[in-house]
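Heads up: the structure comes next, in structure tokens.
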Amino acid sequence: MTSEHAAANSAGKPTPEEVAEALRARIASGDLVAGQALPTQKNLVAEFGVQRGVVRQALRRLQEDGLLTEVTRGAPPRIADRAAAERAAARRAAPAGADEGPQETMVALRPRIMAAFEADHVRIDALCLTAESLSAALGEQRLRIRDRAALPAGSAAPGAGALPATVTVRVLLPNRDIELAFPRSVSTTDTHPDESDLVHQRWLQQRNAHGTVLSDHLMGMRSAGIDVDVRFKALPFTPPVKLYVLNGDEALFAYYKVTVREAEIHRTSVEMYDALGDRSPLFSFGPGELRAQRDHAFVTESQAWFDALWETIATDLALG
């Protein structure tokens, strides 16, 4: 047992906040540096002598503080850069209702999804390339719902609210058969057909995998008594932006910034046009005393735009 949490154990097992504080101290001291992976949850459970749920709650606190990145299932999260942590601290210190600037999608989406799930009837409409960020955010929400549902009646944390009665999610993704503007090989299809096919198949696998996991996260919420409806449709074009409309009163919008990068696909190095969607700055438009009338108009038009795509040129999509 390390000295940084020995005191906590002398009076009992460490709380989630005490575990989080011990990890914060390592980050502040430089024992854990930006880009470095945290120990696995299994190792943290063994080190602190706590249940896995305590570790999860501690990691959730660190993520809320902006200290972690790449918080997805299957691999330990990594330490965020110091600048990102300082920006998160500044946001926490800002007066309630203060207007916030854009954040990377993977960081910004999770708390907005969390807030949306405080409604009795949750509705999420999303337009994106693979649904990776949305899947990760809903995975976090599924864990919160499971933990909340497991609490004895009346023991939920203050302000936690009741579980939603319904959750409806509609997702628009590119059709599998179109020639994508990105991701695609820099080389033309005629000169390097194998590379082009590799890039497309890689994107398709990612689209289907993230969509399937997203659906699984939502279906898992049914065990808490929530009525869930999730549907996918395909678009005949490559979306240059990503859009999330939450409960019809908040819109989150980001541009896909296309770049050239190399990737190894099935042991083949491919130069490709791509956009790292999880890093795209996400702008929020929605309710609040300090929000301008422009924000309301943006949300209204975003919802109308999504509905028009869904009801006209989008076709049914079966993941696979």
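Naming works like this for the structure tokens: A, B, ... for the chains as they're shown, residue 1 at the start of each chain, ligands 1 onward in shown order.
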Which residues, written as a tab-separated table (two decimals) with N, CA and C atoms, in the first residue's frame, have at least one atom at most 9 Å from Leu59 in chain A, with only C-alpha atoms counted and residues fewer than 6 positions away on the same chain left out?
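Generated output (result_3.tsv):
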chain	number	residue	atom	x	y	z
A	16	PRO	N	-14.12	7.02	-3.34
A	16	PRO	CA	-13.76	7.41	-4.71
A	16	PRO	C	-12.99	8.72	-4.77
A	19	VAL	N	-9.37	8.10	-3.71
A	19	VAL	CA	-8.61	7.45	-4.79
A	19	VAL	C	-8.29	8.47	-5.88
A	20	ALA	N	-9.29	9.29	-6.24
A	20	ALA	CA	-9.06	10.31	-7.25
A	20	ALA	C	-7.99	11.29	-6.81
A	23	LEU	N	-4.50	9.90	-7.20
A	23	LEU	CA	-4.06	9.92	-8.60
A	23	LEU	C	-3.78	11.34	-9.07
A	68	LEU	N	-8.01	13.31	-17.77
A	68	LEU	CA	-7.87	12.07	-18.52
A	68	LEU	C	-8.40	12.26	-19.94
A	71	VAL	N	-10.89	8.02	-22.73
A	71	VAL	CA	-11.64	7.22	-21.76
A	71	VAL	C	-12.65	6.39	-22.52
A	77	PRO	N	-7.41	4.73	-19.63
A	77	PRO	CA	-7.33	6.10	-20.14
A	77	PRO	C	-5.92	6.64	-20.00
I'd like the contact shell of Met114 in chain A - 9 Å cut-off, only C-alpha atoms, skipping same-chain residues fewer than 6 positions apart - returned as a ChimeraX atom specification. /A:137-138,140-141,144
For Asp197 in chain A, which residue among A:Leu151, A:Met106, A:Leu143, A:Ile265 is the nearest when counting only C-alpha atoms?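 Once distances to Asp197 in chain A are computed over only C-alpha atoms, the minimum belongs to A:Ile265.
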Which polymer residues have any atom within 9 Å of an atom of Val167 in chain A, counting only C-alpha atoms, with same-chain residues fewer than 4 positions away left out, as a VMD selection string? chain A and resid 117 120 to 124 218 221 226 to 230
Residue among A:Ala297, A:Val199, A:Thr15, A:Val260 lying closest to Phe48 in chain A, counting only C-alpha atoms: A:Thr15
Using DSSP secondary structure from the backbone, list all alpha helix (DSSP H) positions within range 125-176 of chain A, as a PDB file with all heavy atoms, in the first residue's frame.
ATOM      1  N   GLU A 132     -18.117   7.044 -32.935  1.00  0.00           N
ATOM      2  CA  GLU A 132     -17.168   6.652 -31.887  1.00  0.00           C
ATOM      3  C   GLU A 132     -17.362   7.487 -30.623  1.00  0.00           C
ATOM      4  O   GLU A 132     -17.441   6.951 -29.514  1.00  0.00           O
ATOM      5  CB  GLU A 132     -15.732   6.802 -32.395  1.00  0.00           C
ATOM      6  CG  GLU A 132     -14.685   6.484 -31.330  1.00  0.00           C
ATOM      7  CD  GLU A 132     -13.266   6.638 -31.826  1.00  0.00           C
ATOM      8  OE1 GLU A 132     -13.071   7.169 -32.943  1.00  0.00           O
ATOM      9  OE2 GLU A 132     -12.338   6.245 -31.100  1.00  0.00           O
ATOM     10  N   SER A 133     -17.399   8.818 -30.760  1.00  0.00           N
ATOM     11  CA  SER A 133     -17.512   9.686 -29.590  1.00  0.00           C
ATOM     12  C   SER A 133     -18.842   9.478 -28.877  1.00  0.00           C
ATOM     13  O   SER A 133     -18.900   9.435 -27.638  1.00  0.00           O
ATOM     14  CB  SER A 133     -17.364  11.150 -30.004  1.00  0.00           C
ATOM     15  OG  SER A 133     -16.100  11.389 -30.588  1.00  0.00           O
ATOM     16  N   LEU A 134     -19.929   9.340 -29.638  1.00  0.00           N
ATOM     17  CA  LEU A 134     -21.237   9.134 -29.031  1.00  0.00           C
ATOM     18  C   LEU A 134     -21.292   7.801 -28.305  1.00  0.00           C
ATOM     19  O   LEU A 134     -21.860   7.700 -27.216  1.00  0.00           O
ATOM     20  CB  LEU A 134     -22.319   9.198 -30.102  1.00  0.00           C
ATOM     21  CG  LEU A 134     -23.764   9.048 -29.610  1.00  0.00           C
ATOM     22  CD1 LEU A 134     -24.105  10.146 -28.612  1.00  0.00           C
ATOM     23  CD2 LEU A 134     -24.732   9.069 -30.777  1.00  0.00           C
ATOM     24  N   SER A 135     -20.690   6.779 -28.878  1.00  0.00           N
ATOM     25  CA  SER A 135     -20.664   5.471 -28.236  1.00  0.00           C
ATOM     26  C   SER A 135     -19.943   5.532 -26.896  1.00  0.00           C
ATOM     27  O   SER A 135     -20.403   4.982 -25.894  1.00  0.00           O
ATOM     28  CB  SER A 135     -19.981   4.449 -29.150  1.00  0.00           C
ATOM     29  OG  SER A 135     -19.854   3.203 -28.496  1.00  0.00           O
ATOM     30  N   ALA A 136     -18.789   6.241 -26.860  1.00  0.00           N
ATOM     31  CA  ALA A 136     -18.037   6.360 -25.613  1.00  0.00           C
ATOM     32  C   ALA A 136     -18.842   7.112 -24.562  1.00  0.00           C
ATOM     33  O   ALA A 136     -18.882   6.723 -23.385  1.00  0.00           O
ATOM     34  CB  ALA A 136     -16.707   7.059 -25.876  1.00  0.00           C
ATOM     35  N   ALA A 137     -19.501   8.204 -24.968  1.00  0.00           N
ATOM     36  CA  ALA A 137     -20.288   8.997 -24.022  1.00  0.00           C
ATOM     37  C   ALA A 137     -21.472   8.196 -23.472  1.00  0.00           C
ATOM     38  O   ALA A 137     -21.781   8.264 -22.278  1.00  0.00           O
ATOM     39  CB  ALA A 137     -20.780  10.274 -24.695  1.00  0.00           C
ATOM     40  N   LEU A 138     -22.122   7.413 -24.321  1.00  0.00           N
ATOM     41  CA  LEU A 138     -23.249   6.606 -23.867  1.00  0.00           C
ATOM     42  C   LEU A 138     -22.783   5.439 -23.006  1.00  0.00           C
ATOM     43  O   LEU A 138     -23.517   4.958 -22.139  1.00  0.00           O
ATOM     44  CB  LEU A 138     -24.057   6.117 -25.066  1.00  0.00           C
ATOM     45  CG  LEU A 138     -24.888   7.199 -25.760  1.00  0.00           C
ATOM     46  CD1 LEU A 138     -25.509   6.671 -27.048  1.00  0.00           C
ATOM     47  CD2 LEU A 138     -25.977   7.738 -24.832  1.00  0.00           C
ATOM     48  N   GLY A 139     -21.557   4.961 -23.244  1.00  0.00           N
ATOM     49  CA  GLY A 139     -21.006   3.925 -22.375  1.00  0.00           C
ATOM     50  C   GLY A 139     -20.839   4.431 -20.957  1.00  0.00           C
ATOM     51  O   GLY A 139     -21.153   3.740 -19.982  1.00  0.00           O
ATOM     52  N   GLU A 140     -20.335   5.673 -20.819  1.00  0.00           N
ATOM     53  CA  GLU A 140     -20.212   6.282 -19.500  1.00  0.00           C
ATOM     54  C   GLU A 140     -21.599   6.432 -18.859  1.00  0.00           C
ATOM     55  O   GLU A 140     -21.780   6.183 -17.669  1.00  0.00           O
ATOM     56  CB  GLU A 140     -19.554   7.658 -19.635  1.00  0.00           C
ATOM     57  CG  GLU A 140     -18.078   7.617 -19.988  1.00  0.00           C
ATOM     58  CD  GLU A 140     -17.221   7.198 -18.814  1.00  0.00           C
ATOM     59  OE1 GLU A 140     -17.536   7.586 -17.666  1.00  0.00           O
ATOM     60  OE2 GLU A 140     -16.231   6.482 -19.041  1.00  0.00           O
ATOM     61  N   GLN A 141     -22.568   6.852 -19.660  1.00  0.00           N
ATOM     62  CA  GLN A 141     -23.915   7.054 -19.134  1.00  0.00           C
ATOM     63  C   GLN A 141     -24.546   5.729 -18.706  1.00  0.00           C
ATOM     64  O   GLN A 141     -25.263   5.671 -17.699  1.00  0.00           O
ATOM     65  CB  GLN A 141     -24.792   7.732 -20.189  1.00  0.00           C
ATOM     66  CG  GLN A 141     -26.115   8.206 -19.667  1.00  0.00           C
ATOM     67  CD  GLN A 141     -25.984   9.196 -18.525  1.00  0.00           C
ATOM     68  OE1 GLN A 141     -25.071  10.021 -18.523  1.00  0.00           O
ATOM     69  NE2 GLN A 141     -26.865   9.119 -17.544  1.00  0.00           N
ATOM     70  N   ARG A 142     -24.280   4.687 -19.449  1.00  0.00           N
ATOM     71  CA  ARG A 142     -24.812   3.371 -19.074  1.00  0.00           C
ATOM     72  C   ARG A 142     -24.288   2.960 -17.696  1.00  0.00           C
ATOM     73  O   ARG A 142     -25.046   2.424 -16.868  1.00  0.00           O
ATOM     74  CB  ARG A 142     -24.409   2.330 -20.115  1.00  0.00           C
ATOM     75  CG  ARG A 142     -24.876   0.914 -19.792  1.00  0.00           C
ATOM     76  CD  ARG A 142     -24.302  -0.078 -20.788  1.00  0.00           C
ATOM     77  NE  ARG A 142     -24.763  -1.435 -20.523  1.00  0.00           N
ATOM     78  CZ  ARG A 142     -24.385  -2.496 -21.235  1.00  0.00           C
ATOM     79  NH1 ARG A 142     -23.552  -2.349 -22.258  1.00  0.00           N
ATOM     80  NH2 ARG A 142     -24.846  -3.696 -20.926  1.00  0.00           N
ATOM     81  N   LEU A 143     -22.997   3.211 -17.427  1.00  0.00           N
ATOM     82  CA  LEU A 143     -22.429   2.872 -16.122  1.00  0.00           C
ATOM     83  C   LEU A 143     -23.084   3.691 -15.021  1.00  0.00           C
ATOM     84  O   LEU A 143     -23.373   3.180 -13.932  1.00  0.00           O
ATOM     85  CB  LEU A 143     -20.911   3.104 -16.138  1.00  0.00           C
ATOM     86  CG  LEU A 143     -20.083   2.169 -17.019  1.00  0.00           C
ATOM     87  CD1 LEU A 143     -18.621   2.588 -16.988  1.00  0.00           C
ATOM     88  CD2 LEU A 143     -20.229   0.726 -16.565  1.00  0.00           C
ATOM     89  N   ARG A 144     -23.318   4.987 -15.271  1.00  0.00           N
ATOM     90  CA  ARG A 144     -23.964   5.844 -14.278  1.00  0.00           C
ATOM     91  C   ARG A 144     -25.373   5.338 -13.972  1.00  0.00           C
ATOM     92  O   ARG A 144     -25.802   5.299 -12.808  1.00  0.00           O
ATOM     93  CB  ARG A 144     -24.039   7.288 -14.768  1.00  0.00           C
ATOM     94  CG  ARG A 144     -22.697   7.989 -14.834  1.00  0.00           C
ATOM     95  CD  ARG A 144     -22.845   9.445 -15.235  1.00  0.00           C
ATOM     96  NE  ARG A 144     -23.427  10.220 -14.160  1.00  0.00           N
ATOM     97  CZ  ARG A 144     -24.634  10.774 -14.184  1.00  0.00           C
ATOM     98  NH1 ARG A 144     -25.414  10.617 -15.237  1.00  0.00           N
ATOM     99  NH2 ARG A 144     -25.081  11.486 -13.166  1.00  0.00           N
ATOM    100  N   ILE A 145     -26.100   4.959 -15.019  1.00  0.00           N
ATOM    101  CA  ILE A 145     -27.462   4.466 -14.826  1.00  0.00           C
ATOM    102  C   ILE A 145     -27.450   3.158 -14.043  1.00  0.00           C
ATOM    103  O   ILE A 145     -28.252   2.946 -13.139  1.00  0.00           O
ATOM    104  CB  ILE A 145     -28.163   4.290 -16.186  1.00  0.00           C
ATOM    105  CG1 ILE A 145     -28.517   5.667 -16.760  1.00  0.00           C
ATOM    106  CG2 ILE A 145     -29.407   3.410 -16.064  1.00  0.00           C
ATOM    107  CD1 ILE A 145     -29.095   5.613 -18.153  1.00  0.00           C
ATOM    108  N   ARG A 146     -26.511   2.278 -14.382  1.00  0.00           N
ATOM    109  CA  ARG A 146     -26.422   1.007 -13.657  1.00  0.00           C
ATOM    110  C   ARG A 146     -26.125   1.239 -12.186  1.00  0.00           C
ATOM    111  O   ARG A 146     -26.750   0.635 -11.301  1.00  0.00           O
ATOM    112  CB  ARG A 146     -25.323   0.139 -14.272  1.00  0.00           C
ATOM    113  CG  ARG A 146     -25.234  -1.267 -13.668  1.00  0.00           C
ATOM    114  CD  ARG A 146     -23.924  -1.917 -13.999  1.00  0.00           C
ATOM    115  NE  ARG A 146     -22.812  -1.170 -13.420  1.00  0.00           N
ATOM    116  CZ  ARG A 146     -21.538  -1.422 -13.678  1.00  0.00           C
ATOM    117  NH1 ARG A 146     -21.211  -2.377 -14.516  1.00  0.00           N
ATOM    118  NH2 ARG A 146     -20.580  -0.702 -13.108  1.00  0.00           N
ATOM    119  N   ASP A 147     -25.154   2.151 -11.908  1.00  0.00           N
ATOM    120  CA  ASP A 147     -24.806   2.437 -10.517  1.00  0.00           C
ATOM    121  C   ASP A 147     -25.974   3.077  -9.777  1.00  0.00           C
ATOM    122  O   ASP A 147     -26.245   2.757  -8.619  1.00  0.00           O
ATOM    123  CB  ASP A 147     -23.586   3.368 -10.457  1.00  0.00           C
ATOM    124  CG  ASP A 147     -22.311   2.705 -10.957  1.00  0.00           C
ATOM    125  OD1 ASP A 147     -22.298   1.459 -11.063  1.00  0.00           O
ATOM    126  OD2 ASP A 147     -21.339   3.423 -11.238  1.00  0.00           O
ATOM    127  N   ARG A 148     -26.692   3.999 -10.448  1.00  0.00           N
ATOM    128  CA  ARG A 148     -27.817   4.680  -9.800  1.00  0.00           C
ATOM    129  C   ARG A 148     -28.957   3.706  -9.543  1.00  0.00           C
ATOM    130  O   ARG A 148     -29.600   3.742  -8.492  1.00  0.00           O
ATOM    131  CB  ARG A 148     -28.295   5.847 -10.662  1.00  0.00           C
ATOM    132  CG  ARG A 148     -29.277   6.762  -9.932  1.00  0.00           C
ATOM    133  CD  ARG A 148     -29.886   7.803 -10.858  1.00  0.00           C
ATOM    134  NE  ARG A 148     -28.895   8.668 -11.462  1.00  0.00           N
ATOM    135  CZ  ARG A 148     -29.208   9.672 -12.276  1.00  0.00           C
ATOM    136  NH1 ARG A 148     -30.492   9.889 -12.588  1.00  0.00           N
ATOM    137  NH2 ARG A 148     -28.262  10.420 -12.806  1.00  0.00           N
ATOM    138  N   ALA A 149     -29.215   2.824 -10.519  1.00  0.00           N
ATOM    139  CA  ALA A 149     -30.306   1.871 -10.368  1.00  0.00           C
ATOM    140  C   ALA A 149     -30.034   0.871  -9.245  1.00  0.00           C
ATOM    141  O   ALA A 149     -30.966   0.333  -8.648  1.00  0.00           O
ATOM    142  CB  ALA A 149     -30.539   1.129 -11.680  1.00  0.00           C
ATOM    143  N   ALA A 150     -28.732   0.635  -8.953  1.00  0.00           N
ATOM    144  CA  ALA A 150     -28.375  -0.342  -7.921  1.00  0.00           C
ATOM    145  C   ALA A 150     -28.498   0.223  -6.509  1.00  0.00           C
ATOM    146  O   ALA A 150     -28.472  -0.526  -5.536  1.00  0.00           O
ATOM    147  CB  ALA A 150     -26.950  -0.847  -8.150  1.00  0.00           C
TER     148      ALA A 150
END
Separation of CA of Leu32 in chain A and CA of Arg110 in chain A, in Å? 23.5 Å
Excluding Asp316 in chain A and its own-chain neighbours fewer than 5 positions away, which residues fall within 10 Å of it when counting only C-alpha atoms? Please give them as a list in words. Leu172, Asn175, Arg231, Phe232, Lys233, Ala234, Leu235 and Trp310 of chain A
Residues of the last selection are to be written out with C-alpha atoms, as a CSV table (one decimal), in the first residue's frame.
chain,number,residue,atom,x,y,z
A,172,LEU,CA,-27.2,9.2,-39.4
A,175,ASN,CA,-23.8,4.6,-46.6
A,231,ARG,CA,-32.3,3.5,-34.9
A,232,PHE,CA,-29.8,4.0,-37.7
A,233,LYS,CA,-30.1,5.4,-41.2
A,234,ALA,CA,-27.6,5.9,-44.0
A,235,LEU,CA,-26.7,9.0,-46.0
A,310,TRP,CA,-33.8,11.5,-41.8
